[in-house]
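First comes the structure, then the notes that go with it.
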Amino acid sequence: MHISTLPPSLCLAPLRGVTGLVFRRTFTHHFGGFDCAVSPFLTTVAGTRIKATHLAEIAPARNRDLPLVPQILGKSAPQLRTLLLAIRDLGYTRTDLNAGCPWPVIVRKGRGAGLLRDADALRSMLDTGCEIMPGGFSIKVRLGIDSPDLLQARLELLNAYPLHEVTIHARTAHQRYEGEVNLPAFAQALAACRHPVRYNGDIRTAADFACLQAAFPSAAGWMVGRGAVCDPFLPARIRGDSRPPSAERLRAFLDDYLDQSAAELCGPSPLLGRLKELWSYLHLRFTDGATLWRQIRTCRRTDDYRRVLDAWWSGAPTLADIPNGVAHLLPHR
Ligand SMILES: Cc1cc2nc3c(=O)[nH]c(=O)nc-3n(C[C@H](O)[C@H](O)[C@H](O)COP(=O)(O)O)c2cc1C
């Protein structure tokens with residue numbers, strides 16, 4: 001078994017509505033710790049031309065801080081081709097296919113995790129992806145839709161393609177993002193997959209990461225989503241940064257995130273929507289963050305939000321510990 005002695009490859013997970021361009025930029029500036037990110041999915045569209053606005057979030061000039069892998073959601077190979085060609089024209093040599101989105105309306109249409117059910121559709125997507133992004137096409141999957149056996153059954157198909165890597169979120173679509181990750185099923189998939197495998201699911205603390213790395217030394221990389229939004233110090237800590245986390249650094253990040261988001265978005269509603277999405281995770285990082293979250297949720301205007309935050313910071317808030325996400329499922333080191 002190959003055990004890497006290199007620093008761990010840590011990828012920021014795509015979280016639609018949270019880990020967009022402004023988040024990736026400000027996060028990298030204030031905290032760092034990731035060596036790449038996968039973009040929230042871009043959907044394939046009918047027609048043969050892609051509007052520049054569809055690709056604005058992945059514009060290379062605005063994504064220099066953190067290497068980005070654009071991700072696509074769709075099930076039509078011709079539409080995938082059109083979008084991939086547009087992404088390739090921007091200069092990208094990597095793209096990821098979303099075969100993991102669990103939302104029933106998407107799965108029912110054969111997209112996201114629904115792609116795993118339809119071997120023919122999956123095959124034509126992989127044919128197209130590997131042709132247009134040779135050596136750079138990857139896929140993000142789940143263990144299955146209702147049961148965790150489906151990925152295992154599809155690995156023969158995935159193994160037949162020259163994929164760059166396979167990211168496995170260790171849940172079924174039925175579980176969405178709740179309940180425990182299924183580590184035995186992940187272990188089985190890891191053993192059967194001939195591509196580099198990236199683990200994803202519930203890495204919340206450095207202890208989670210250490211336990212997973214010890215349990216799965218052949219995993220090629222790690223993807224962290226909610227754990228980093230909730231605790232932005234996590235990726236750097238996983239890499240050995242021992243500086244104590246501080247509320248002041250979070251404040252500086254949040255001020256920057258607000259300013260840059262306000263400059264990008266039109267009107268208070270999308271701005272507050274974006275901030276609330278972030279706080280739905282981040283409030284857990286603070287002692288009594290639930291009280292703050294209740295206040296933020298009811299803000300209707302940006303000024304209300306600023307007032308709530310000013311009062312919060314003036315109370316010298318303290319940081320709370322984050323409970324482990326997966327370490328309890330693994331043998332103690
Ligand atoms: C709000 C939200 C949006 C998401 N958007 C995407 C997406 O665009 N593409 C994707 O592959 N996964 C998406 N995911 C799944 C995450 O990338 C990740 O697999 C999931 O959050 C589990 O990892 P975590 O426990 O580290 O957060 C999303 C998850 C959430 C909660």
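Residues in the structure tokens are named by chain (A, B, ... in the order shown) and by number from 1 within that chain; ligands are numbered from 1 in the order shown.
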Check stretch 25-130 of chain A with DSSP on the backbone and list each residue it calls alpha helix (DSSP H), as an NGL selection string.
-> :A and (25-30 or 77-89 or 104-108 or 114-117 or 119-130)
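Surrounding stretch 174-177 of chain A within 6 Å are Pro102, Ile145, Asp146 and Thr172 of chain A, with only C-alpha atoms counted and residues fewer than 2 positions along the same chain left out.
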Since we have the selection now, will you write its residues out, keeping N, CA and C atoms, as a PDB file, in the first residue's frame?
ATOM      1  N   PRO A 102     -27.774  15.158  -4.039  1.00  0.00           N
ATOM      2  CA  PRO A 102     -28.802  14.231  -3.538  1.00  0.00           C
ATOM      3  C   PRO A 102     -30.233  14.737  -3.636  1.00  0.00           C
ATOM      4  N   ILE A 145     -27.811   5.640  -4.110  1.00  0.00           N
ATOM      5  CA  ILE A 145     -29.004   6.479  -3.974  1.00  0.00           C
ATOM      6  C   ILE A 145     -29.783   6.055  -2.724  1.00  0.00           C
ATOM      7  N   ASP A 146     -30.329   4.844  -2.740  1.00  0.00           N
ATOM      8  CA  ASP A 146     -31.046   4.377  -1.538  1.00  0.00           C
ATOM      9  C   ASP A 146     -30.180   3.454  -0.694  1.00  0.00           C
ATOM     10  N   THR A 172     -25.288   7.869   1.199  1.00  0.00           N
ATOM     11  CA  THR A 172     -26.192   7.686   0.058  1.00  0.00           C
ATOM     12  C   THR A 172     -26.932   9.006  -0.189  1.00  0.00           C
TER      13      THR A 172
END
Using the chain letters and numbers from this document, which residues of stretch 13-237 of chain A does DSSP assign to strand (DSSP E or B), as number ranges by chain?
-> A: 36-38, 42-43, 68-69, 71-73, 95-99, 137-144, 166-172, 197-200, 221-224
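Separating atom CA of A:His164 from atom CA of A:Ser138 is a distance of 5.1 Å.
Selection of all polymer residues within 6 Å of ligand 1 on the basis of only C-alpha atoms and all ligand atoms gives A:Ala13, A:Pro14, A:Leu15, A:Arg16, A:Pro40, A:Phe41, A:Asn98, A:Cys101, A:His169, A:Asn200, A:Gly201, A:Asp202, A:Ile203, A:Val224, A:Gly225, A:Arg226, A:Gly227.
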Considering only C-alpha atoms, return as a ChimeraX atom specification whatever protein or nucleic-acid residues lie within 7 Å of stretch 250-257 of chain A, sequence-local ones (same chain, fewer than 4 positions apart) excluded.
-> /A:22-23,26,30,246,261
